[in-house]
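Enquirer: This is the structure, below, for whatever I ask next.
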Amino acid sequence: MQPPFATREQRIAYNEAWSRTINERAAEWKLGREAAPDFRCECWQKGCEQNISLSAEDWKLARAKPNRFAVAPDHVAKSLEAVVRTFPHFWLVEKSGEAGEVAKTLAD
């Protein structure tokens with residue numbers, strides 16, 4: 001799926017999936033060299049430049065479901081996702097509805 005999008009939900013899901021893809025490309029290298037390397041916040045905000053530290057265990061939690069994302073605290077699109085778990089340095093969110101379905105499709 002490429003921009004432009006028909007709905008806000010599609011755009012938000014794409015933004016998060018794009019950040020997830022960038023993180024996945026770096027994860028194998030980073031997680032093998034550092035205990036809790038920095039990754040890009042996977043939030044819905046297109047211009048977000050905040051980094052979050054994720055250990056290998058944190059990474060597994062974030063990748064457990066295709067509609068799940070690791071975001072900086074309070075970086076939540078409340079109408080489209082739910083906070084699954086909070087940690088001091090990041091929160092896990094899960095997309096629902098149309099945005100959740102788009103996120104799942106983009107994870108394939």
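Here, A, B, ... name the chains of the structure tokens in the order displayed, residue numbers run from 1 inside each chain, and ligands are numbered from 1 in the same displayed order.
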Write out as a PyMOL selection string the set of residues from region 31-76 of chain A that DSSP, computed on the backbone, places in strand (DSSP E).

Expert: chain A and resi 38-40+51-53+68-71

Enquirer: Print the selection's residues with C-alpha atoms to a file, as a short mmCIF file (atom, residue, chain, number, x, y, z; two decimals), in the first residue's frame.

Expert:
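Listed below is the output, result-v9.cif:
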```cif
data_model
loop_
_atom_site.label_atom_id
_atom_site.label_comp_id
_atom_site.auth_asym_id
_atom_site.auth_seq_id
_atom_site.Cartn_x
_atom_site.Cartn_y
_atom_site.Cartn_z
CA ASP A 38 17.77 2.68 20.53
CA PHE A 39 15.05 2.26 17.95
CA ARG A 40 12.75 4.69 16.22
CA ASN A 51 14.07 7.05 20.06
CA ILE A 52 13.17 4.30 22.50
CA SER A 53 15.48 1.70 24.04
CA ARG A 68 1.48 -4.20 17.77
CA PHE A 69 3.95 -1.32 17.96
CA ALA A 70 6.52 0.03 20.43
CA VAL A 71 6.03 3.75 21.00
#
```

Enquirer: For a quick check of understanding, using only C-alpha atoms, which of A:Tyr14, A:Trp44, A:Pro66, A:Trp59 has the smallest distance to Leu80 (chain A)?

Expert: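 For Leu80 (chain A), the nearest of the given residues is A:Trp44.
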
Enquirer: At a cut-off of 12 Å, using only C-alpha atoms, what residues contact Glu81 (chain A)? Leave out same-chain residues fewer than 6 positions from it and give the result as a list in words.

Expert: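 Result of the neighbour search: Glu9, Ile12, Ala13, Glu16, Cys43, Trp44, Asn67, Arg68, Phe69, Ala70, Val71, Asp74, His75, Trp91, Leu92, Val93, Glu94, Lys95, Ser96, Gly97, Glu98, Ala99, Gly100, Glu101 and Ala103 of chain A.
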
Enquirer: Deliver the residues from the most recent selection as a file, using C-alpha atoms, as a PDB file, in the first residue's frame.

Expert:
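Result file follows (result.pdb):
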```
ATOM      1  CA  GLU A   9      -6.690   5.098   9.599  1.00  0.00           C
ATOM      2  CA  ILE A  12      -1.699   6.211  10.490  1.00  0.00           C
ATOM      3  CA  ALA A  13      -1.221   2.456  10.045  1.00  0.00           C
ATOM      4  CA  GLU A  16       3.627   3.036  12.087  1.00  0.00           C
ATOM      5  CA  CYS A  43       4.012   5.899  16.695  1.00  0.00           C
ATOM      6  CA  TRP A  44       1.422   7.294  14.318  1.00  0.00           C
ATOM      7  CA  ASN A  67      -0.757  -4.935  14.759  1.00  0.00           C
ATOM      8  CA  ARG A  68       1.481  -4.204  17.773  1.00  0.00           C
ATOM      9  CA  PHE A  69       3.947  -1.324  17.962  1.00  0.00           C
ATOM     10  CA  ALA A  70       6.518   0.034  20.430  1.00  0.00           C
ATOM     11  CA  VAL A  71       6.035   3.749  21.004  1.00  0.00           C
ATOM     12  CA  ASP A  74       2.023   8.982  25.460  1.00  0.00           C
ATOM     13  CA  HIS A  75       2.539   8.596  21.678  1.00  0.00           C
ATOM     14  CA  TRP A  91       4.614   1.615  25.681  1.00  0.00           C
ATOM     15  CA  LEU A  92       3.178  -1.260  23.650  1.00  0.00           C
ATOM     16  CA  VAL A  93       0.105  -0.414  21.612  1.00  0.00           C
ATOM     17  CA  GLU A  94      -2.150  -2.497  19.409  1.00  0.00           C
ATOM     18  CA  LYS A  95      -4.044  -1.111  16.437  1.00  0.00           C
ATOM     19  CA  SER A  96      -7.699  -2.010  16.002  1.00  0.00           C
ATOM     20  CA  GLY A  97     -10.362  -1.609  13.327  1.00  0.00           C
ATOM     21  CA  GLU A  98      -9.331  -0.610   9.823  1.00  0.00           C
ATOM     22  CA  ALA A  99      -5.929   0.616  11.031  1.00  0.00           C
ATOM     23  CA  GLY A 100      -5.297  -2.742  12.687  1.00  0.00           C
ATOM     24  CA  GLU A 101      -6.172  -4.611   9.508  1.00  0.00           C
ATOM     25  CA  ALA A 103      -1.083  -2.872   9.923  1.00  0.00           C
TER      26      ALA A 103
END
```

Enquirer: A:Ala77, A:Val83, A:Val102, A:Ala107: which is nearest Ala6 (chain A), counting only C-alpha atoms?

Expert: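 Closest to Ala6 (chain A), using only C-alpha atoms: A:Val102.
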